[in-house]
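Text of query30.csv, listed as CSV, C-alpha atoms:
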chain,number,residue,atom,x,y,z
B,1321,MET,CA,62.6,106.9,101.7
B,1322,THR,CA,61.7,103.7,103.5
B,1323,TRP,CA,60.4,103.7,107.0
B,1324,THR,CA,63.6,102.0,108.3
B,1325,GLY,CA,65.6,104.5,106.3
B,1326,ALA,CA,63.9,107.2,108.2
B,1327,ARG,CA,64.7,105.4,111.4
B,1328,VAL,CA,68.4,105.4,110.5
B,1329,LEU,CA,68.3,109.1,109.8
B,1330,GLY,CA,66.4,109.6,113.1
B,1331,ASP,CA,69.3,108.0,115.0
B,1332,ARG,CA,71.5,110.8,116.2
B,1333,ASP,CA,74.8,109.0,115.8
B,1334,ALA,CA,73.9,107.5,112.4
B,1335,GLY,CA,72.8,111.0,111.2
B,1336,LEU,CA,76.0,112.6,112.3
B,1337,TYR,CA,78.1,109.8,110.7
B,1338,LEU,CA,76.3,110.3,107.4
B,1339,ALA,CA,76.9,114.0,107.6
B,1340,ALA,CA,80.6,113.3,108.1
B,1341,VAL,CA,80.5,111.0,105.0
B,1342,VAL,CA,78.9,113.7,102.9
B,1343,VAL,CA,81.4,116.4,104.0
B,1344,SER,CA,84.6,114.5,103.7
B,1345,GLY,CA,83.4,112.6,100.6
B,1346,PHE,CA,82.9,115.9,98.8
B,1347,GLY,CA,86.5,117.0,99.4
B,1348,THR,CA,87.8,113.5,98.6
B,1349,SER,CA,86.0,113.2,95.3
B,1350,ALA,CA,87.2,116.7,94.3
B,1351,MET,CA,90.8,116.0,95.2
B,1352,TRP,CA,91.0,112.6,93.5
B,1353,LEU,CA,90.0,114.1,90.2
B,1354,VAL,CA,92.1,117.3,90.5
B,1355,SER,CA,95.3,115.5,91.5
B,1356,GLY,CA,95.5,113.8,88.1
B,1357,ILE,CA,94.6,117.0,86.2
B,1358,TRP,CA,97.3,118.9,88.3
B,1359,VAL,CA,100.0,116.4,87.4
B,1360,LYS,CA,99.0,116.4,83.7
B,1361,ASP,CA,99.3,120.2,83.6
B,1362,LEU,CA,102.7,120.2,85.3
B,1363,THR,CA,104.2,117.4,83.2
B,1364,GLY,CA,102.1,116.8,80.1
B,1365,SER,CA,102.4,113.0,80.9
B,1366,ASP,CA,99.3,110.8,81.0
B,1367,GLY,CA,101.4,108.1,82.7
B,1368,LEU,CA,102.3,110.3,85.6
B,1369,ALA,CA,98.7,111.5,85.9
B,1370,ALA,CA,97.6,107.9,86.1
B,1371,LEU,CA,100.1,107.3,89.0
B,1372,CYS,CA,97.9,109.5,91.1
B,1373,VAL,CA,95.2,106.9,91.2
B,1374,VAL,CA,97.9,104.2,91.8
B,1375,ALA,CA,99.2,106.1,94.8
B,1376,LEU,CA,95.7,106.5,96.2
B,1377,TRP,CA,94.8,102.8,95.8
B,1378,ALA,CA,98.1,101.2,96.5
B,1379,PRO,CA,97.6,101.1,100.3
B,1380,THR,CA,94.5,98.9,99.8
B,1381,LEU,CA,96.9,96.1,99.0
B,1382,VAL,CA,98.1,96.1,102.6
B,1383,GLY,CA,94.6,96.7,103.9
B,1384,PRO,CA,94.6,93.7,106.3
B,1385,ALA,CA,97.8,95.1,108.0
B,1386,LEU,CA,96.5,98.6,108.2
B,1387,GLY,CA,93.2,97.3,109.6
B,1388,THR,CA,94.9,96.0,112.7
B,1389,LEU,CA,95.1,99.6,113.9
B,1390,ALA,CA,91.3,99.8,114.0
B,1391,ASP,CA,91.3,96.8,116.4
B,1392,ARG,CA,94.1,98.2,118.6
B,1393,THR,CA,92.5,101.4,119.7
B,1394,ARG,CA,89.1,103.0,120.2
B,1395,ARG,CA,87.6,103.8,116.9
B,1396,ARG,CA,86.0,107.2,117.5
B,1397,PRO,CA,89.3,108.8,118.7
B,1398,LEU,CA,91.0,107.1,115.8
B,1399,LEU,CA,88.6,108.7,113.3
B,1400,LEU,CA,89.1,112.1,115.0
B,1401,ALA,CA,92.9,111.8,114.8
B,1402,THR,CA,93.0,110.6,111.2
B,1403,ASN,CA,90.7,113.3,109.9
B,1404,LEU,CA,92.8,116.0,111.7
B,1405,LEU,CA,95.9,114.4,110.3
B,1406,LEU,CA,94.7,114.8,106.7
B,1407,ALA,CA,93.4,118.3,107.5
B,1408,ALA,CA,97.0,119.2,108.6
B,1409,LEU,CA,98.7,117.4,105.8
B,1410,LEU,CA,96.9,118.6,102.7
B,1411,PRO,CA,98.0,122.3,103.0
B,1412,VAL,CA,101.6,121.0,102.4
B,1413,LEU,CA,100.6,120.8,98.7
B,1414,TYR,CA,101.0,124.6,98.5
B,1415,ALA,CA,104.7,123.7,98.2
B,1416,VAL,CA,104.0,122.0,94.8
B,1417,ASP,CA,104.8,124.6,92.2
B,1418,GLY,CA,106.4,122.5,89.4
B,1419,ARG,CA,107.8,119.1,88.4
B,1420,GLY,CA,110.3,119.3,91.2
B,1421,GLY,CA,107.5,119.2,93.7
B,1422,LEU,CA,105.8,116.1,92.4
B,1423,TRP,CA,107.3,113.9,95.0
B,1424,ILE,CA,105.5,115.9,97.6
B,1425,LEU,CA,102.2,115.4,95.8
B,1426,PHE,CA,102.7,111.7,95.4
B,1427,GLY,CA,103.8,111.3,99.0
B,1428,VAL,CA,100.7,113.1,100.3
B,1429,LEU,CA,98.5,110.9,98.1
B,1430,LEU,CA,100.1,107.8,99.4
B,1431,VAL,CA,99.5,108.8,103.0
B,1432,TYR,CA,95.9,109.9,102.0
B,1433,GLY,CA,95.2,106.4,100.6
B,1434,ALA,CA,96.7,104.7,103.7
B,1435,VAL,CA,94.7,106.8,106.1
B,1436,GLY,CA,91.5,106.1,104.0
B,1437,VAL,CA,92.0,102.4,104.5
B,1438,VAL,CA,92.3,102.8,108.3
B,1439,GLN,CA,89.3,105.1,108.3
B,1440,ASP,CA,87.1,102.7,106.4
B,1441,ALA,CA,88.0,99.9,108.8
B,1442,ALA,CA,87.4,102.0,111.9
B,1443,GLU,CA,84.1,103.3,110.5
B,1444,SER,CA,82.8,99.9,109.7
B,1445,ALA,CA,83.7,98.5,113.1
B,1446,LEU,CA,82.3,101.5,115.0
B,1447,LEU,CA,79.0,101.4,113.1
B,1448,ALA,CA,78.5,97.7,113.8
B,1449,THR,CA,78.8,98.3,117.6
B,1450,ALA,CA,76.8,101.6,117.6
B,1451,LEU,CA,73.8,100.8,115.3
B,1452,ASP,CA,71.0,98.3,115.6
B,1453,GLY,CA,72.1,95.3,113.5
B,1454,ARG,CA,68.7,95.3,111.8
B,1455,LEU,CA,69.4,98.7,110.4
B,1456,LEU,CA,72.9,98.0,109.1
B,1457,GLY,CA,71.7,97.3,105.6
B,1458,ASP,CA,69.7,100.5,105.5
B,1459,PHE,CA,72.6,102.5,106.7
B,1460,ASN,CA,75.1,101.0,104.3
B,1461,GLY,CA,72.7,101.7,101.5
B,1462,LEU,CA,72.3,105.3,102.5
B,1463,ARG,CA,76.1,105.6,102.9
B,1464,MET,CA,76.4,104.3,99.3
B,1465,THR,CA,73.9,106.9,98.2
B,1466,ALA,CA,75.9,109.7,100.0
B,1467,ASN,CA,79.2,108.6,98.5
B,1468,GLU,CA,77.9,108.2,95.0
B,1469,GLY,CA,76.0,111.5,95.2
B,1470,MET,CA,79.2,113.3,96.1
B,1471,LYS,CA,80.9,111.7,93.1
B,1472,LEU,CA,78.3,113.3,90.8
B,1473,VAL,CA,78.8,116.9,92.1
B,1474,ALA,CA,82.2,117.1,93.7
B,1475,PRO,CA,84.4,116.5,90.6
B,1476,LEU,CA,82.7,119.2,88.7
B,1477,ALA,CA,83.1,121.6,91.6
B,1478,GLY,CA,86.7,120.6,92.1
B,1479,ALA,CA,87.6,121.0,88.4
B,1480,GLY,CA,86.0,124.5,88.5
B,1481,LEU,CA,87.9,125.5,91.6
B,1482,TYR,CA,91.1,124.2,90.1
B,1483,ALA,CA,90.6,126.0,86.8
B,1484,ALA,CA,90.0,129.3,88.7
B,1485,TYR,CA,92.6,129.1,91.5
B,1486,GLY,CA,94.8,126.0,91.0
B,1487,GLY,CA,95.5,122.8,92.8
B,1488,PRO,CA,96.5,124.2,96.3
B,1489,ARG,CA,93.1,125.8,96.7
B,1490,VAL,CA,91.4,122.4,96.1
B,1491,ALA,CA,93.8,120.8,98.6
B,1492,LEU,CA,92.8,123.5,101.1
B,1493,LEU,CA,89.1,122.8,100.4
B,1494,ASP,CA,89.7,119.1,101.1
B,1495,ALA,CA,91.6,119.9,104.3
B,1496,ALA,CA,88.6,122.0,105.5
B,1497,THR,CA,86.2,119.1,104.8
B,1498,PHE,CA,88.3,116.8,106.9
B,1499,ALA,CA,88.5,119.3,109.7
B,1500,LEU,CA,84.7,119.6,109.6
B,1501,ALA,CA,84.3,115.9,109.6
B,1502,ALA,CA,86.5,115.6,112.7
B,1503,GLY,CA,84.2,118.1,114.4
B,1504,VAL,CA,81.2,115.9,113.5
B,1505,TYR,CA,82.9,112.8,114.8
B,1506,ALA,CA,83.6,114.6,118.1
B,1507,LEU,CA,79.8,114.9,118.6
B,1508,LEU,CA,79.2,111.2,118.4
B,1509,ARG,CA,78.0,109.6,121.6
B,1510,VAL,CA,79.2,106.1,121.2
B,1511,ARG,CA,80.2,103.8,124.0
B,1512,GLU,CA,83.2,101.7,123.1
B,1513,THR,CA,84.8,98.9,124.9
B,1514,PRO,CA,88.5,99.5,125.4
B,1515,PRO,CA,90.6,97.1,123.3
B,1516,SER,CA,92.3,95.8,126.5
B,1517,GLU,CA,88.9,94.6,127.7
B,1518,GLU,CA,88.1,92.7,124.6
B,1519,ALA,CA,89.5,89.4,123.5
B,1520,GLY,CA,91.9,91.5,121.5
B,1521,PRO,CA,94.7,90.7,119.0
B,1522,THR,CA,97.5,88.6,120.3
B,1523,GLY,CA,100.7,87.2,118.8
B,1524,SER,CA,102.8,88.7,116.1
B,1525,LEU,CA,101.7,91.4,113.7
B,1526,ARG,CA,101.6,88.9,110.9
B,1527,ALA,CA,99.4,86.5,112.9
B,1528,ARG,CA,97.0,89.4,114.0
B,1529,THR,CA,96.8,90.6,110.4
B,1530,ALA,CA,96.0,87.1,109.1
B,1531,GLU,CA,93.1,86.7,111.5
B,1532,GLY,CA,90.8,89.0,109.5
B,1533,VAL,CA,91.3,87.0,106.2
B,1534,ARG,CA,91.1,83.7,108.1
B,1535,HIS,CA,87.7,84.7,109.6
B,1536,LEU,CA,86.3,85.6,106.2
B,1537,ARG,CA,87.7,82.4,104.6
B,1538,SER,CA,86.4,80.1,107.3
B,1539,HIS,CA,82.9,81.6,107.7
B,1540,PRO,CA,80.5,79.6,105.5
B,1541,GLY,CA,78.1,82.5,105.2
B,1542,LEU,CA,80.6,85.2,104.4
B,1543,TRP,CA,83.1,83.5,102.0
B,1544,PRO,CA,80.6,83.1,99.1
B,1545,LEU,CA,79.7,86.8,99.4
B,1546,VAL,CA,83.4,87.7,99.5
B,1547,LEU,CA,84.1,85.6,96.4
B,1548,ALA,CA,81.0,87.1,94.6
B,1549,GLY,CA,82.1,90.6,95.5
B,1550,GLY,CA,85.7,90.1,94.3
B,1551,THR,CA,84.6,88.5,91.1
B,1552,THR,CA,82.0,91.2,90.5
B,1553,MET,CA,84.7,93.9,90.9
B,1554,LEU,CA,87.1,92.1,88.7
B,1555,PHE,CA,84.5,92.1,85.9
B,1556,ALA,CA,83.5,95.7,86.7
B,1557,GLY,CA,87.2,96.6,86.1
B,1558,ILE,CA,87.2,94.8,82.7
B,1559,ASN,CA,83.9,96.4,81.8
B,1560,GLY,CA,85.2,99.8,82.9
B,1561,ALA,CA,88.1,99.5,80.5
B,1562,THR,CA,85.7,99.2,77.6
B,1563,VAL,CA,83.8,102.4,78.3
B,1564,TYR,CA,85.8,104.6,75.8
B,1565,ALA,CA,85.3,101.9,73.1
B,1566,VAL,CA,81.6,102.0,73.8
B,1567,ALA,CA,81.5,105.8,73.3
B,1568,GLU,CA,83.5,105.4,70.1
B,1569,GLY,CA,81.1,102.7,68.9
B,1570,LEU,CA,78.2,105.1,69.4
B,1571,GLY,CA,80.0,107.7,67.3
B,1572,HIS,CA,80.8,110.0,70.1
B,1573,SER,CA,83.9,111.7,71.4
B,1574,PRO,CA,85.6,110.5,74.6
B,1575,ALA,CA,83.8,113.3,76.5
B,1576,TYR,CA,80.6,111.2,76.1
B,1577,VAL,CA,82.0,108.9,78.8
B,1578,GLY,CA,81.2,111.5,81.4
B,1579,LEU,CA,77.5,111.1,80.6
B,1580,LEU,CA,77.7,107.4,80.9
B,1581,TYR,CA,79.4,107.7,84.3
B,1582,VAL,CA,76.7,110.2,85.4
B,1583,ALA,CA,74.0,107.7,84.4
B,1584,GLN,CA,75.8,104.9,86.4
B,1585,GLY,CA,76.2,107.2,89.4
B,1586,ALA,CA,72.5,108.1,89.3
B,1587,GLY,CA,71.6,104.3,89.4
B,1588,SER,CA,73.8,103.9,92.5
B,1589,VAL,CA,72.2,106.8,94.2
B,1590,ALA,CA,68.8,105.5,93.5
B,1591,VAL,CA,69.3,102.0,94.9
B,1592,GLY,CA,70.8,103.0,98.2
B,1593,PRO,CA,67.6,103.9,100.1
B,1594,ALA,CA,65.9,100.7,99.1
B,1595,SER,CA,68.9,98.4,100.0
B,1596,GLY,CA,68.0,97.7,103.6
B,1597,THR,CA,64.4,96.6,102.8
B,1598,LEU,CA,65.6,94.5,99.9
B,1599,LEU,CA,68.2,92.9,102.1
B,1600,ARG,CA,65.6,91.9,104.6
B,1601,ARG,CA,63.3,90.5,102.0
B,1602,LEU,CA,65.9,88.6,100.0
B,1603,GLY,CA,68.8,87.9,102.3
B,1604,GLU,CA,72.3,89.0,101.6
B,1605,ARG,CA,73.2,86.3,99.0
B,1606,ARG,CA,70.0,86.6,97.0
B,1607,PHE,CA,70.3,90.4,97.1
B,1608,ALA,CA,73.9,90.2,95.8
B,1609,ALA,CA,72.8,87.7,93.2
B,1610,CYS,CA,70.1,90.0,91.8
B,1611,GLY,CA,72.8,92.8,91.5
B,1612,ILE,CA,75.1,90.5,89.7
B,1613,ALA,CA,72.4,89.3,87.3
B,1614,LEU,CA,71.4,92.9,86.6
B,1615,THR,CA,74.9,94.0,85.8
B,1616,ALA,CA,75.5,90.9,83.6
B,1617,VAL,CA,72.4,91.7,81.5
B,1618,ALA,CA,73.4,95.4,81.3
B,1619,VAL,CA,76.9,94.4,80.1
B,1620,ILE,CA,75.5,92.1,77.4
B,1621,LEU,CA,73.1,94.8,76.1
B,1622,ARG,CA,75.9,97.4,76.1
B,1623,ALA,CA,77.0,95.8,72.8
B,1624,VAL,CA,73.8,97.3,71.1
B,1625,PRO,CA,75.0,100.5,69.4
B,1626,LEU,CA,72.1,102.8,70.5
B,1627,ASP,CA,72.5,105.8,72.9
B,1628,ALA,CA,69.3,105.0,74.8
B,1629,VAL,CA,70.4,101.4,75.4
B,1630,ALA,CA,73.9,102.5,76.5
B,1631,LEU,CA,72.6,105.0,79.0
B,1632,ALA,CA,70.0,102.5,80.3
B,1633,CYS,CA,72.8,99.9,80.7
B,1634,SER,CA,74.9,102.4,82.6
B,1635,VAL,CA,72.0,102.9,85.0
B,1636,GLY,CA,71.7,99.1,85.3
B,1637,VAL,CA,75.3,98.7,86.2
B,1638,GLY,CA,75.0,101.6,88.7
B,1639,VAL,CA,72.1,99.8,90.4
B,1640,GLY,CA,73.6,96.3,90.4
B,1641,LEU,CA,77.1,96.9,91.6
B,1642,PRO,CA,76.1,98.4,95.0
B,1643,CYS,CA,73.9,95.4,95.7
B,1644,VAL,CA,76.9,93.1,95.9
B,1645,LEU,CA,79.0,95.6,97.9
B,1646,VAL,CA,76.2,96.5,100.4
B,1647,ALA,CA,75.4,92.8,100.9
B,1648,ALA,CA,79.0,91.9,101.6
B,1649,PHE,CA,79.8,94.7,104.0
B,1650,THR,CA,76.5,94.3,105.9
B,1651,ALA,CA,77.1,90.5,106.3
B,1652,VAL,CA,80.6,91.1,107.6
B,1653,GLN,CA,79.5,93.7,110.1
B,1654,ARG,CA,76.8,91.3,111.4
B,1655,GLU,CA,78.8,88.1,111.5
B,1656,THR,CA,82.2,89.3,112.8
B,1657,PRO,CA,83.2,89.7,116.5
B,1658,ALA,CA,83.8,93.3,117.5
B,1659,GLU,CA,87.5,92.7,118.4
B,1660,LEU,CA,88.1,91.4,114.9
B,1661,LEU,CA,85.9,93.8,112.9
B,1662,GLY,CA,88.6,96.3,111.9
B,1663,ARG,CA,90.9,93.7,110.3
B,1664,ALA,CA,88.0,91.8,108.7
B,1665,SER,CA,86.6,95.0,107.2
B,1666,ALA,CA,90.0,96.0,105.9
B,1667,SER,CA,90.6,92.5,104.5
B,1668,LEU,CA,87.2,92.7,102.8
B,1669,ASN,CA,88.2,96.0,101.2
B,1670,THR,CA,91.3,94.5,99.8
B,1671,LEU,CA,89.6,91.4,98.5
B,1672,LEU,CA,86.9,93.5,96.8
B,1673,TYR,CA,88.8,96.3,95.3
B,1674,ALA,CA,92.2,94.8,94.4
B,1675,PRO,CA,90.5,92.7,91.7
B,1676,ASN,CA,89.0,95.9,90.2
B,1677,ALA,CA,92.5,97.2,89.5
B,1678,VAL,CA,93.5,93.9,88.0
B,1679,GLY,CA,90.3,94.0,85.8
B,1680,LEU,CA,91.1,97.5,84.6
B,1681,ALA,CA,94.6,96.4,83.5
B,1682,PHE,CA,93.3,93.1,81.9
B,1683,GLY,CA,90.4,94.9,80.2
B,1684,ALA,CA,92.7,97.5,78.7
B,1685,GLY,CA,94.4,94.7,76.8
B,1686,LEU,CA,91.3,92.8,75.9
B,1687,VAL,CA,89.5,95.8,74.4
B,1688,GLU,CA,92.4,96.2,71.9
B,1689,LEU,CA,92.3,92.5,70.9
B,1690,VAL,CA,88.6,91.5,70.9
B,1691,ASP,CA,85.7,93.1,69.0
B,1692,LEU,CA,83.4,94.9,71.5
B,1693,ARG,CA,80.3,93.1,70.0
B,1694,VAL,CA,81.9,89.8,71.1
B,1695,LEU,CA,83.7,90.9,74.3
B,1696,LEU,CA,80.7,92.4,76.1
B,1697,PRO,CA,78.3,89.5,75.6
B,1698,VAL,CA,81.0,87.0,76.7
B,1699,LEU,CA,81.7,89.1,79.8
B,1700,GLY,CA,78.0,89.2,80.7
B,1701,VAL,CA,77.5,85.5,80.2
B,1702,VAL,CA,80.6,84.5,82.3
B,1703,ARG,CA,79.4,86.8,85.0
B,1704,LEU,CA,76.0,85.0,85.1
B,1705,VAL,CA,77.9,81.7,85.6
B,1706,THR,CA,79.4,83.0,88.8
B,1707,LEU,CA,75.9,83.1,90.4
B,1708,GLY,CA,76.0,79.3,91.0
B,1709,PRO,CA,78.2,79.3,94.2
B,1710,LEU,CA,76.4,82.3,95.6
B,1711,LEU,CA,72.9,80.8,95.3
B,1712,ARG,CA,73.8,77.3,96.3
B,1713,GLY,CA,72.5,76.8,99.9
B,1714,ALA,CA,71.6,80.5,100.3
B,1715,PRO,CA,69.9,81.0,103.7
B,1716,ALA,CA,66.4,82.3,104.0
B,1717,ALA,CA,65.9,86.1,104.2
B,1718,VAL,CA,65.7,87.7,107.6
B,1719,ARG,CA,62.6,89.8,108.1
B,1720,GLY,CA,62.0,92.5,110.6

What's the structure tokens form of this structure?
Amino acid sequence: MTWTGARVLGDRDAGLYLAAVVVSGFGTSAMWLVSGIWVKDLTGSDGLAALCVVALWAPTLVGPALGTLADRTRRRPLLLATNLLLAALLPVLYAVDGRGGLWILFGVLLVYGAVGVVQDAAESALLATALDGRLLGDFNGLRMTANEGMKLVAPLAGAGLYAAYGGPRVALLDAATFALAAGVYALLRVRETPPSEEAGPTGSLRARTAEGVRHLRSHPGLWPLVLAGGTTMLFAGINGATVYAVAEGLGHSPAYVGLLYVAQGAGSVAVGPASGTLLRRLGERRFAACGIALTAVAVILRAVPLDAVALACSVGVGVGLPCVLVAAFTAVQRETPAELLGRASASLNTLLYAPNAVGLAFGAGLVELVDLRVLLPVLGVVRLVTLGPLLRGAPAAVRG
């Protein structure tokens, strides 16, 4: 743990917020996995099971509009209300007892995803005003570690609970984690400026929504990071679609993919505590560029049919991807006016994660048409080419 990382954890509000991330993240990771298993068991359909992920991610496409809510009200009460809303909503899934109740499950998942977009925007905006700007990189890195750590343990726990007691019990567990997270947010001591006292949103909803994207697009320091992040997540989606082919090329069953994902998650957990220090030494653009270069090399080497190489490459991807995301989110938090931060953060989420879904769909077709030994090196080399705009005119690192 770096000294600045210890400073973050020593901050009362930052420590409470990380506790809320761990608690709610555990329930979320468990529920996201179990929802697909639940639908598969009820219907036997892989397509319907995949729709669970679609329902959860679909609200991201209207993220800029949902982000306006985080700029129209105080963020701490908004986080309290949204966590309590999900805690009250999830027990409704006890009504799902067969195919006829699937509409309830999909409806809940859609609301779940929409609330998540609002929460992400509100959390990012609240942190930027509550935490010392010099510690934002450290905090975002620790948050990434907490999120990825939950992804390593929660799905297994959720699957075990589902196997023993069924989907409704997992929903109840998730509801309890949101209720607990709401209690943690209630303990925060954050002074917020009422939206009416800020130079707040004016004009039509469409105009207010567009302001977040316009800010990112017009800011010379932010737009290269946004483009780099979106491009990285596009290629991450394509690469993710090849993972089963990688396992097959190594002579393993599809279950081996789980081990590759664990290795990737371990890399993401490891890089989080060092992110703040590296951001200060390298600056956001160079830090992101290092992450892109690492993932590009890892993707190229993934074509080598050796278990040790495949696992090492998964760790490399796990280390590299968070570098780009942490750099982009930290830069937006630092360079965006408080009254615009909810919409800018939600817009960033959309611009980063929507390309990932596109990449998954595109990669699913490519992996059927192109030999893996050709596809992976080409993907890695093209990713290296994207470094040019990011490094061109990169500002000096900020120390301190």

Find the residue from B:Ala1434, B:Ala1385, B:Cys1610, B:Ala1681 that sits nearest to B:Gly1662; use all atoms listed in the file when measuring.
-> B:Ala1385

Take atom CA of B:Ser1344 and atom CA of B:Pro1397 and report the distance between them in Å, one decimal.
-> 16.7 Å

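From atom CA of B:Thr1348 back to atom CA of B:Tyr1482, the distance works out to 14.1 Å.
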
Using only C-alpha atoms, I'd like a table of the residues in stretch 1567-1624 of chain B that come within 10 Å of stretch 1690-1707 of chain B; for each, show the closest atom pair and its distance in Å rounded to one decimal, ordered by chain and ascending number, as a tab-separated table.
residue	atom	partner	partner_atom	distance
B:Gly1569	CA	B:Leu1692	CA	8.5
B:Arg1605	CA	B:Leu1707	CA	9.6
B:Arg1606	CA	B:Leu1707	CA	9.5
B:Ala1608	CA	B:Leu1707	CA	9.1
B:Ala1609	CA	B:Leu1707	CA	6.2
B:Cys1610	CA	B:Leu1707	CA	9.1
B:Ile1612	CA	B:Leu1704	CA	7.2
B:Ala1613	CA	B:Leu1704	CA	6.0
B:Leu1614	CA	B:Leu1704	CA	9.3
B:Thr1615	CA	B:Gly1700	CA	7.7
B:Ala1616	CA	B:Gly1700	CA	4.2
B:Val1617	CA	B:Gly1700	CA	6.2
B:Ala1618	CA	B:Gly1700	CA	7.7
B:Val1619	CA	B:Gly1700	CA	5.3
B:Ile1620	CA	B:Pro1697	CA	4.2
B:Leu1621	CA	B:Pro1697	CA	7.4
B:Arg1622	CA	B:Leu1696	CA	6.9
B:Ala1623	CA	B:Arg1693	CA	5.1
B:Val1624	CA	B:Arg1693	CA	7.8

Can you pull out every residue within 10 Å of B:Leu1554, counting all atoms listed in the file, but drop anything in the same chain fewer than 4 positions away, and send it as a PyMOL selection string?
-> chain B and resi 1548-1550+1558-1560+1672-1680+1682-1683

Taking C-alpha atoms for each residue, export the selection above as a CSV table (one decimal), keeping the file's coordinate frame.
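Dumped to selection15.csv:
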chain,number,residue,atom,x,y,z
B,1548,ALA,CA,81.0,87.1,94.6
B,1549,GLY,CA,82.1,90.6,95.5
B,1550,GLY,CA,85.7,90.1,94.3
B,1558,ILE,CA,87.2,94.8,82.7
B,1559,ASN,CA,83.9,96.4,81.8
B,1560,GLY,CA,85.2,99.8,82.9
B,1672,LEU,CA,86.9,93.5,96.8
B,1673,TYR,CA,88.8,96.3,95.3
B,1674,ALA,CA,92.2,94.8,94.4
B,1675,PRO,CA,90.5,92.7,91.7
B,1676,ASN,CA,89.0,95.9,90.2
B,1677,ALA,CA,92.5,97.2,89.5
B,1678,VAL,CA,93.5,93.9,88.0
B,1679,GLY,CA,90.3,94.0,85.8
B,1680,LEU,CA,91.1,97.5,84.6
B,1682,PHE,CA,93.3,93.1,81.9
B,1683,GLY,CA,90.4,94.9,80.2

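Proximity ranking of B:Leu1410, B:Val1504, B:Ala1666, B:Leu1446 relative to B:Ala1530 places B:Ala1666 first, based on only C-alpha atoms.
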
Which distance in Å separates atom CA of B:Gly1503 and atom CA of B:Ala1408, to one decimal?
->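 Atom-to-atom, atom CA of B:Gly1503 to atom CA of B:Ala1408, that is 14.1 Å.
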
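For the choices B:Leu1660, B:Val1431, B:Leu1536, B:Leu1493, the atom-to-atom distance to B:Val1343 is smallest for B:Leu1493 when using all atoms listed in the file.
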
Of B:Ser1355, B:Thr1656, B:Ser1634, B:Gln1439, the one sitting nearest B:Leu1386 when using only C-alpha atoms is B:Gln1439
